[in-house]
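The block underneath contains the structure these notes are about, expressed in structure tokens.
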Amino acid sequence: MSDFYKIVTARLVSCFGSILSYIVFNIYILDITHSPVWVGILFAARTLPAIAMSPVIGFLADRFDRKKLMVFSDFILCFLIIALIFIPADFVIGYMVFLMICLGVLGSLFDVCLKAAIPVILNDKNTLKANSLLHGGINMVEAAGGLLSMFAHMIFNNYSSIFVLDGLTYLLSGIILWRLRLKTSEAQPSSDLPGGQSHVSFWGTITELKLLFVSSRFRTISLCLFLLFFDALGSASHNIGFPVFSNLLNPSEPLFYYGLIIFFWALGNIAGILLVNHCDPLKKARPENLYFFFTGLMSLGMIMIFQTHWLVIISVSAFFAGAGDGTYQTFFTTFLQQADDTLRGRLFAISETVLRTGFGLGFVAVPLVLISVPVSKMVPLFHAPTLLIVISFLIYNMRREKK
């Protein structure tokens, strides 16, 4: 597990800078444009190109050295983020759109490679524990990033300092991974492919994926993917809603409230992961029931955040939303990792495509809806389909079990 711990360390280092810049980018673009539409545009720029590149990302993760791909992603993002501070004011908005595209594509490449490599690194042992450690660590870092952003105006003199910190975290992550010697694929990348092929056929992977689609496991996967799409659509609403809502709460210190929400959401994530790993009744429950229930809990918590100005209710709601978020992420990742290594990268790429498609559509629609609908009503509107699907599914399952 020692190599895995080093990989987790690298991921957490870059994640810290990423969550900090994620919060600051949204406040920054809102500050210089005074329009929530640009918040949606940045989210869309981070999401839509990654959707288009998902088949390529999955292909690369299955056919090439996953460690080298992760190192490449880290070093390129380090350079691009630090370069932001040297961009002339007239070109900042355009460069931020370009930066979001790179963050989306390269971030997706890193995540797909890492998730696909975990079973190989651990020899298919303790993957649930490993995923819990990874997700729990990321959420702790996100909590720290949220807490830091609450007081960013007192710690940092300007936005540039935060961008430099973010870039350096990617650099450190890349260095840690670069120094590791580890196997990230069961079959090391080679020109000698099954069936006597002498070269990699991108479209030939469709034949391999058909085997997955007809498997008994795909029914559960497709069910989760169906909900994942609507969950992502709703998640776009609260992601855009956070900076807008924070600005409404206190226009002079929006980072404080934005960071507060992220902090308690991340704490809830950690609590949810601990619950899954230490609560025996949950381990015995049907996985799809768990997935649907906790997704519904997340949506309900997110809706409640935007219904009040009371910090206690906002914090508690964010905590329960995070608890739902953390549980289904851990389950879903572990479940997909049970697929064959030759398909695992593309399977995660499919889930990334579904996730980012939902996000992308949401990031286009939400700003348009915000023009005429207040944020307190916009978020419930986009989360309603998720709750309806969850309630319908759970009622159907209860009736079926009674019969």
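Chain identifiers are assigned as A, B, and so on, following the order in which chains appear in the structure tokens; residues are numbered from 1 within each chain, and ligands are numbered from 1 in order of appearance.
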
Extract, using only C-alpha atoms, all DNA, RNA and protein residues at most 12 Å from Asp90 of chain A, discarding same-chain residues fewer than 5 positions from it, and format them as an mmCIF file with C-alpha atoms, in the first residue's frame.
```cif
data_model
loop_
_atom_site.group_PDB
_atom_site.id
_atom_site.type_symbol
_atom_site.label_atom_id
_atom_site.label_comp_id
_atom_site.auth_asym_id
_atom_site.auth_seq_id
_atom_site.Cartn_x
_atom_site.Cartn_y
_atom_site.Cartn_z
ATOM 1 C CA ILE A 32 -14.900 41.119 -13.058
ATOM 2 C CA TYR A 95 -7.769 32.759 -21.229
ATOM 3 C CA MET A 96 -9.900 31.585 -18.294
#
```

(request) For atom CA of Phe245 of chain A and atom CA of Gly360 of chain A, determine how far apart the two atoms are, in Å to one decimal place. (result) 20.6 Å

(message) Please compute the atom CA of Cys78 of chain A-atom CA of Asp111 of chain A distance, one decimal, in Å.
(response)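 Answer for the atom CA of Cys78 of chain A to atom CA of Asp111 of chain A separation: 16.3 Å.
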
(message) With only C-alpha atoms as the counted atoms, please give the residues lying no more than 12 Å from Leu168 of chain A, apart from itself and same-chain residues fewer than 6 positions off, as a VMD selection string.
(response) chain A and resid 10 13 to 18 74 to 83 161 to 162 174 to 175
